[in-house]
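The structure under discussion appears below in the form of structure tokens.
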Amino acid sequence: MSTTRASAAPKRGLNWRVVDIVVASVLGVACGFVFLGWNAVGYAWFQAMDAITPGLGGIATGIWLIGGVLGGLIIRKPGAAVYVEVLAATVSAVLGSQWGPETLYSGFAQGLGVEIILAIFLYRKFGFGVSVLAGMAAGWGAFILELFLSGNLARSFEFQMIYLVTLTISGAILAGALGYFVVKALAKTGALDRFAAGREQRA
């Protein structure tokens, strides 16, 4: 009986299916519109916090990191986090992001941070803890890029530490934790039934 069940279980592959590409693309575009709105609201929050203490603005960045987390948790295949985050950044840039083409570099760095965490777990674990770590890593990717792209390397050590800590916290909460619960909510609607994330929720 156990042999029959094992043979009947769907094989897990890391190759992309057509449905993976379609859903990842929809996610990327949807996140791009979210980013576009956050470019105004989030950046105002960023500036307000930075005016209090330089570096504190990092607490507002988590929403810009969520695309890669969603892509990674839903598609669960190498490259999904980068694809969704870069596509979202592209949509944001094309529709009027104040950072222009630099938005794409940020998307790649943030998505890569998520990919590294998922790769460490061999694309086999996608629980709350992994999601939070992925959100944090997206923030670390942004931090490293901005050391050079935004000239933060020339700023004080105090600024860099405050910015790194607030980026990490924001990534953990607004990208990692929020992203995890967004996937759970989508799975409950049946929208993810063709994905492991949806089948796990149904089970």
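Residues are named by chain letter and number: chains run A, B, ... in the order of the structure tokens, numbers start at 1 in each chain, and ligands are numbered from 1 in the order shown.
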If DSSP is run on the backbone, what residues of range 39-186 of chain A are alpha helix (DSSP H)? A reply as a ChimeraX atom specification would be ideal. /A:39-52,66-75,80-94,102-120,128-149,157-170,178-186
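Taking CA of Gly67 in chain A as the reference point, CA of Ala142 in chain A is found at 13.3 Å.
Proximity of A:Ala51, A:Ala24, A:Ile144, A:Ile74 to Leu112 in chain A, computed with only C-alpha atoms, is greatest for A:Ile144.
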Can you pull out the residues contacting Phe128 in chain A? Cut-off 9 Å, using only C-alpha atoms, and skip same-chain residues under 2 positions away; I want them as a PyMOL selection string. chain A and resi 126+130-133+176-177+180-181
Distance query Ala109 in chain A at most 8 Å, only C-alpha atoms, self and fewer than 5 positions along chain excluded, as a PyMOL selection string: chain A and resi 138+141-142+145
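For the pair CA of Val34 in chain A and CA of Ala137 in chain A, the separation is 20.3 Å.
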I'd like the contact shell of range 17-21 of chain A - 9 Å cut-off, only C-alpha atoms, skipping same-chain residues fewer than 2 positions apart - returned as a short mmCIF file (atom, residue, chain, number, x, y, z; two decimals) with all heavy atoms, in the first residue's frame.
data_model
loop_
_atom_site.label_atom_id
_atom_site.label_comp_id
_atom_site.auth_asym_id
_atom_site.auth_seq_id
_atom_site.Cartn_x
_atom_site.Cartn_y
_atom_site.Cartn_z
N ASN A 15 11.65 22.33 -12.74
CA ASN A 15 11.47 22.95 -14.04
C ASN A 15 10.17 23.75 -14.06
O ASN A 15 9.16 23.33 -13.49
CB ASN A 15 11.42 21.88 -15.14
CG ASN A 15 12.76 21.17 -15.30
OD1 ASN A 15 13.81 21.77 -15.11
ND2 ASN A 15 12.70 19.89 -15.63
N VAL A 23 1.41 32.61 -13.72
CA VAL A 23 1.10 33.10 -12.37
C VAL A 23 2.21 34.02 -11.85
O VAL A 23 1.92 35.05 -11.23
CB VAL A 23 0.86 31.92 -11.41
CG1 VAL A 23 0.75 32.41 -9.96
CG2 VAL A 23 -0.41 31.18 -11.81
N ALA A 24 3.46 33.68 -12.12
CA ALA A 24 4.56 34.55 -11.70
C ALA A 24 4.47 35.91 -12.38
O ALA A 24 4.74 36.95 -11.77
CB ALA A 24 5.90 33.89 -12.03
N SER A 25 4.06 35.90 -13.64
CA SER A 25 3.91 37.16 -14.38
C SER A 25 2.78 38.01 -13.80
O SER A 25 2.91 39.23 -13.64
CB SER A 25 3.65 36.88 -15.86
OG SER A 25 4.74 36.18 -16.43
N VAL A 26 1.66 37.35 -13.49
CA VAL A 26 0.53 38.06 -12.88
C VAL A 26 0.95 38.64 -11.53
O VAL A 26 0.65 39.80 -11.20
CB VAL A 26 -0.68 37.12 -12.72
CG1 VAL A 26 -1.76 37.79 -11.87
CG2 VAL A 26 -1.23 36.73 -14.08
N ILE A 74 5.10 30.84 -3.63
CA ILE A 74 4.05 30.26 -4.47
C ILE A 74 4.62 29.36 -5.56
O ILE A 74 4.21 28.21 -5.72
CB ILE A 74 3.19 31.37 -5.10
CG1 ILE A 74 2.39 32.10 -4.00
CG2 ILE A 74 2.24 30.80 -6.15
CD1 ILE A 74 1.64 33.32 -4.48
N ILE A 75 5.59 29.84 -6.32
CA ILE A 75 6.14 29.08 -7.44
C ILE A 75 7.09 27.98 -6.95
O ILE A 75 7.14 26.88 -7.50
CB ILE A 75 6.86 29.99 -8.45
CG1 ILE A 75 5.94 31.16 -8.86
CG2 ILE A 75 7.32 29.20 -9.68
CD1 ILE A 75 4.65 30.74 -9.51
N LYS A 77 10.31 27.51 -7.15
CA LYS A 77 11.32 27.04 -8.10
C LYS A 77 12.40 28.10 -8.26
O LYS A 77 12.14 29.29 -8.10
CB LYS A 77 10.65 26.72 -9.45
CG LYS A 77 9.73 25.51 -9.34
CD LYS A 77 8.96 25.23 -10.60
CE LYS A 77 8.05 24.02 -10.38
NZ LYS A 77 7.18 23.74 -11.54
N ALA A 80 12.20 32.14 -9.36
CA ALA A 80 10.87 32.73 -9.22
C ALA A 80 10.91 34.04 -8.44
O ALA A 80 10.23 35.01 -8.80
CB ALA A 80 9.92 31.74 -8.55
N ARG A 194 -3.31 24.72 -8.14
CA ARG A 194 -2.36 24.04 -9.01
C ARG A 194 -0.92 24.12 -8.50
O ARG A 194 0.01 23.73 -9.19
CB ARG A 194 -2.45 24.60 -10.44
CG ARG A 194 -3.81 24.37 -11.09
CD ARG A 194 -3.79 24.68 -12.55
NE ARG A 194 -2.92 23.76 -13.29
CZ ARG A 194 -2.68 23.85 -14.60
NH1 ARG A 194 -3.25 24.82 -15.30
NH2 ARG A 194 -1.88 22.99 -15.20
N PHE A 195 -0.79 24.63 -7.28
CA PHE A 195 0.52 24.78 -6.67
C PHE A 195 0.54 24.08 -5.31
O PHE A 195 -0.49 23.89 -4.67
CB PHE A 195 0.86 26.27 -6.47
CG PHE A 195 0.96 27.02 -7.76
CD1 PHE A 195 -0.16 27.59 -8.34
CD2 PHE A 195 2.18 27.15 -8.42
CE1 PHE A 195 -0.09 28.28 -9.53
CE2 PHE A 195 2.27 27.83 -9.61
CZ PHE A 195 1.14 28.39 -10.18
#
Closest of A:Leu149, A:Ala175, A:Val114, A:Ile120 to Cys31 in chain A - atom-to-atom distances counting only C-alpha atoms: A:Ala175
Leaving out Met161 in chain A and any residue of its chain fewer than 5 positions from it, which residues lie within 12 Å of it when counting only C-alpha atoms, given as a VMD selection string? chain A and resid 53 to 56 58 140 143 147 152 to 153 155 to 156 166 to 168
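Closest approach to Gly72 in chain A among A:Gly151, A:Gly135, A:Gly190, A:Gly171: A:Gly135, based on only C-alpha atoms.
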Any idea what the distance is between CA of Val69 in chain A and CA of Leu174 in chain A?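 CA of Val69 in chain A sits 10.3 Å away from CA of Leu174 in chain A.
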Please provide the set of residues having any atom within 9 Å of Tyr83 in chain A, restricted to only C-alpha atoms, with same-chain residues fewer than 5 positions apart removed, written as a list in words.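 Counting only the stated atoms, we get Ala24, Ser25, Gly28, Gly68, Gly71, Ala88, Gly107, Phe108 and Gly111 of chain A.
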Kindly save the residues from that selection, with N, CA, C and O atoms included, as a PDB file, in the first residue's frame.
ATOM      1  N   ALA A  24       3.456  33.676 -12.119  1.00  0.00           N
ATOM      2  CA  ALA A  24       4.561  34.546 -11.702  1.00  0.00           C
ATOM      3  C   ALA A  24       4.467  35.906 -12.381  1.00  0.00           C
ATOM      4  O   ALA A  24       4.743  36.945 -11.767  1.00  0.00           O
ATOM      5  N   SER A  25       4.059  35.902 -13.638  1.00  0.00           N
ATOM      6  CA  SER A  25       3.910  37.164 -14.376  1.00  0.00           C
ATOM      7  C   SER A  25       2.776  38.006 -13.805  1.00  0.00           C
ATOM      8  O   SER A  25       2.906  39.226 -13.640  1.00  0.00           O
ATOM      9  N   GLY A  28       3.982  39.433 -10.594  1.00  0.00           N
ATOM     10  CA  GLY A  28       4.919  40.525 -10.818  1.00  0.00           C
ATOM     11  C   GLY A  28       4.224  41.820 -11.179  1.00  0.00           C
ATOM     12  O   GLY A  28       4.553  42.895 -10.653  1.00  0.00           O
ATOM     13  N   GLY A  68       9.395  39.290  -4.259  1.00  0.00           N
ATOM     14  CA  GLY A  68      10.248  38.110  -4.293  1.00  0.00           C
ATOM     15  C   GLY A  68       9.793  37.040  -3.327  1.00  0.00           C
ATOM     16  O   GLY A  68       9.845  35.850  -3.629  1.00  0.00           O
ATOM     17  N   GLY A  71       6.654  35.386  -4.843  1.00  0.00           N
ATOM     18  CA  GLY A  71       7.044  34.527  -5.958  1.00  0.00           C
ATOM     19  C   GLY A  71       7.706  33.253  -5.488  1.00  0.00           C
ATOM     20  O   GLY A  71       7.407  32.161  -5.977  1.00  0.00           O
ATOM     21  N   ALA A  88       8.079  43.208 -11.124  1.00  0.00           N
ATOM     22  CA  ALA A  88       7.381  44.234 -10.350  1.00  0.00           C
ATOM     23  C   ALA A  88       8.136  45.562 -10.394  1.00  0.00           C
ATOM     24  O   ALA A  88       7.533  46.636 -10.558  1.00  0.00           O
ATOM     25  N   GLY A 107      15.322  45.570  -7.653  1.00  0.00           N
ATOM     26  CA  GLY A 107      14.501  44.375  -7.763  1.00  0.00           C
ATOM     27  C   GLY A 107      15.346  43.120  -7.852  1.00  0.00           C
ATOM     28  O   GLY A 107      15.043  42.103  -7.205  1.00  0.00           O
ATOM     29  N   PHE A 108      16.418  43.189  -8.625  1.00  0.00           N
ATOM     30  CA  PHE A 108      17.282  42.020  -8.772  1.00  0.00           C
ATOM     31  C   PHE A 108      17.968  41.678  -7.456  1.00  0.00           C
ATOM     32  O   PHE A 108      17.998  40.506  -7.040  1.00  0.00           O
ATOM     33  N   GLY A 111      15.357  40.305  -4.935  1.00  0.00           N
ATOM     34  CA  GLY A 111      14.937  38.960  -5.314  1.00  0.00           C
ATOM     35  C   GLY A 111      16.037  37.941  -5.090  1.00  0.00           C
ATOM     36  O   GLY A 111      15.778  36.808  -4.666  1.00  0.00           O
TER      37      GLY A 111
END
